[in-house]
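Colleague: Starting off with a structure, shown below.
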Amino acid sequence: PRPVVAVVGRPNVGKSTLVNRILGRREAVVQDTPGVTRDRVSYDAEWAGREFVLVDTGGWISDATGMAAQIAEQAEAAIQLADAVLFVVDSTVGTTDEDEAVVRVLRRSRKPVVLAANKVDDQRFEADAAAMWNLGLGEPHVVSALHGRGSGDLLDALMAAL
Ligand code: GDP
Ligand code: MG
């Protein structure tokens, strides 16, 4: 069976954009409005001759309180089914309570995690991406899902983690 990679992170960090970048086609729904991806959506992906299943997550976030808890819960469900996790954060925003909630779930899961510090469209945000070392999840892989920057190195790291 193909290994499963769950793409997790709080809304709007660029998970679906990154999924599309990895797939090389626009299939995952990208939206400026957080929480638009419904449930979990699986896609067949390939890198360097290795096939894997990419699971985009998100959605069903209510505007009510407990947003971090809801995000963590969704991440947990996806992580349980995954062999490895691609954790996406937004370098331009920095870490939030929602990010920290996902980190706690990731630690408990003991699954291999590859950290993507997204939205580094240009060098201005490289220092912000480096600050993601503070999450304690190892090297933040600097990427711009929008422009494709760093996606090859990220995928190499992901394959090494599988
Ligand atoms: P998701 O909620 O985590 O799936 O995030 P989406 O993929 O739907 O993206 C949310 C917003 O961030 C959209 O407006 C994207 O165009 C934007 N976005 C995603 N990746 C990047 C990036 O690398 N750079 C910039 N500047 N914007 C991005
Ligand atoms: Mg999405």
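Numbering starts fresh at 1 for the residues of each chain in the structure tokens, the chains themselves are lettered A, B, ... in the order given, and ligands are numbered from 1 as they appear.
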So which residues touch range 49-55 of chain A within 6 Å, counting only C-alpha atoms, skipping near sequence neighbours fewer than 4 positions away, as a ChimeraX atom specification?
Modeller: /A:2-7,41-45
Colleague: Let's see if you can do this: from backbone DSSP, list all helix (DSSP H, G or I) residues in range 7-137 of chain A, as JSON, numbers by chain.
Modeller: {"A": [15, 16, 17, 18, 19, 20, 21, 22, 23, 67, 68, 69, 70, 71, 72, 73, 74, 75, 76, 77, 78, 79, 80, 97, 98, 99, 100, 101, 102, 103, 104, 105, 106, 107, 108, 109, 123, 124, 125, 126, 127, 128, 129, 130, 131, 132, 133, 134, 135]}
Colleague: Considering only C-alpha atoms, return as a ChimeraX atom specification whatever protein or nucleic-acid residues lie within 8 Å of Ser16 in chain A, sequence-local ones (same chain, fewer than 5 positions apart) excluded.
Modeller: /A:28-30,37,56
Colleague: Extract the full set of strand (DSSP E or B) residues from chain A according to DSSP on the backbone, and format it as a compact mmCIF listing (two decimals) with C-alpha atoms, in the first residue's frame.
Modeller:
```txt
# COMPACT_ATOMS: atom_id res chain seq x y z
CA VAL A 4 -0.14 8.27 3.46
CA VAL A 5 0.97 11.84 4.12
CA ALA A 6 -1.41 14.13 6.01
CA VAL A 7 -1.10 17.84 5.32
CA VAL A 8 -2.08 19.65 8.51
CA VAL A 41 -9.50 14.88 0.63
CA SER A 42 -7.02 12.30 -0.67
CA TYR A 43 -4.93 12.60 -3.80
CA ASP A 44 -2.48 10.22 -5.49
CA ALA A 45 0.91 11.90 -5.64
CA GLU A 46 4.41 11.00 -6.77
CA TRP A 47 7.91 12.30 -6.19
CA ARG A 50 7.77 7.11 -5.25
CA GLU A 51 4.02 7.06 -5.01
CA PHE A 52 2.15 8.23 -1.95
CA VAL A 53 -1.27 9.48 -0.91
CA LEU A 54 -1.56 13.12 0.03
CA VAL A 55 -4.40 14.02 2.38
CA ASP A 56 -5.48 17.67 2.44
CA ALA A 84 3.99 10.92 7.99
CA VAL A 85 2.79 14.47 8.47
CA LEU A 86 3.47 17.61 6.49
CA PHE A 87 2.90 20.43 8.96
CA VAL A 88 2.40 23.80 7.30
CA VAL A 89 2.89 27.16 9.00
CA ASP A 90 2.68 30.72 7.66
CA VAL A 113 6.84 15.33 10.85
CA VAL A 114 8.20 17.52 8.09
CA LEU A 115 7.77 21.23 8.75
CA ALA A 116 6.96 23.56 5.86
CA ALA A 117 7.46 27.28 6.56
CA ASN A 118 5.24 28.59 3.78
CA PRO A 140 11.66 24.54 8.89
CA HIS A 141 11.68 23.89 5.16
CA VAL A 142 11.36 27.25 3.48
CA SER A 144 6.45 29.34 -1.30
CA ARG A 149 10.04 27.88 -4.21
```
Colleague: Rank nothing, just name the residue among A:Glu76, A:Asp121, A:Asp153, A:Glu27 nearest to ligand 2, using only C-alpha atoms and all ligand atoms.
Modeller: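 Once distances to ligand 2 are computed over only C-alpha atoms and all ligand atoms, the minimum belongs to A:Glu27.
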Colleague: Using only C-alpha atoms, which protein or nucleic acid residues come within 9 Å of Lys111 in chain A? Drop anything in the same chain fewer than 2 positions from it, and give the result as number ranges by chain.
Modeller: A: 79-80, 82-85, 106-109, 113
Colleague: Would you please work out which residue, of A:Ile71, A:Leu23, A:Ala129, A:Val13, is nearest to ligand 1 when using only C-alpha atoms and all ligand atoms?
Modeller: A:Val13
Colleague: Pick from A:Ser91, A:Gln74, A:Asn12, A:Ser151: nearest to ligand 2, with only C-alpha atoms and all ligand atoms counted?
Modeller: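 Nearest to ligand 2: A:Asn12.
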Colleague: What separation in Å, quoted to one decimal, exists between CA of Gly58 in chain A and CA of Leu162 in chain A?
Modeller: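 Separating CA of Gly58 in chain A from CA of Leu162 in chain A is a distance of 22.5 Å.
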Colleague: Provide the atom 2 (O, counted along the ligand's line) of ligand 1 to CA of Gln70 in chain A distance in Å, to one decimal place.
Modeller: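 Going from atom 2 (O, counted along the ligand's line) of ligand 1 over to CA of Gln70 in chain A, I get 14.0 Å.
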Colleague: Ranking A:Thr17, A:Thr92, A:Asn134, A:Thr57 by minimum distance to Ala72 in chain A and counting only C-alpha atoms, which one comes first?
Modeller: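 Going through A:Thr17, A:Thr92, A:Asn134, A:Thr57 one by one, the smallest distance to Ala72 in chain A is for A:Thr57.
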Colleague: Could you pull the residues within 10 Å of Glu100 in chain A, counting only C-alpha atoms, minus those fewer than 3 positions along the same chain, as a list in words?
Modeller: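 Skipping anything fewer than 3 positions along the chain leaves Gly9, Arg10, Ala68, Ala72, Thr95, Thr96, Asp97, Val103, Arg104, Val105, Leu106 and Leu135 of chain A.
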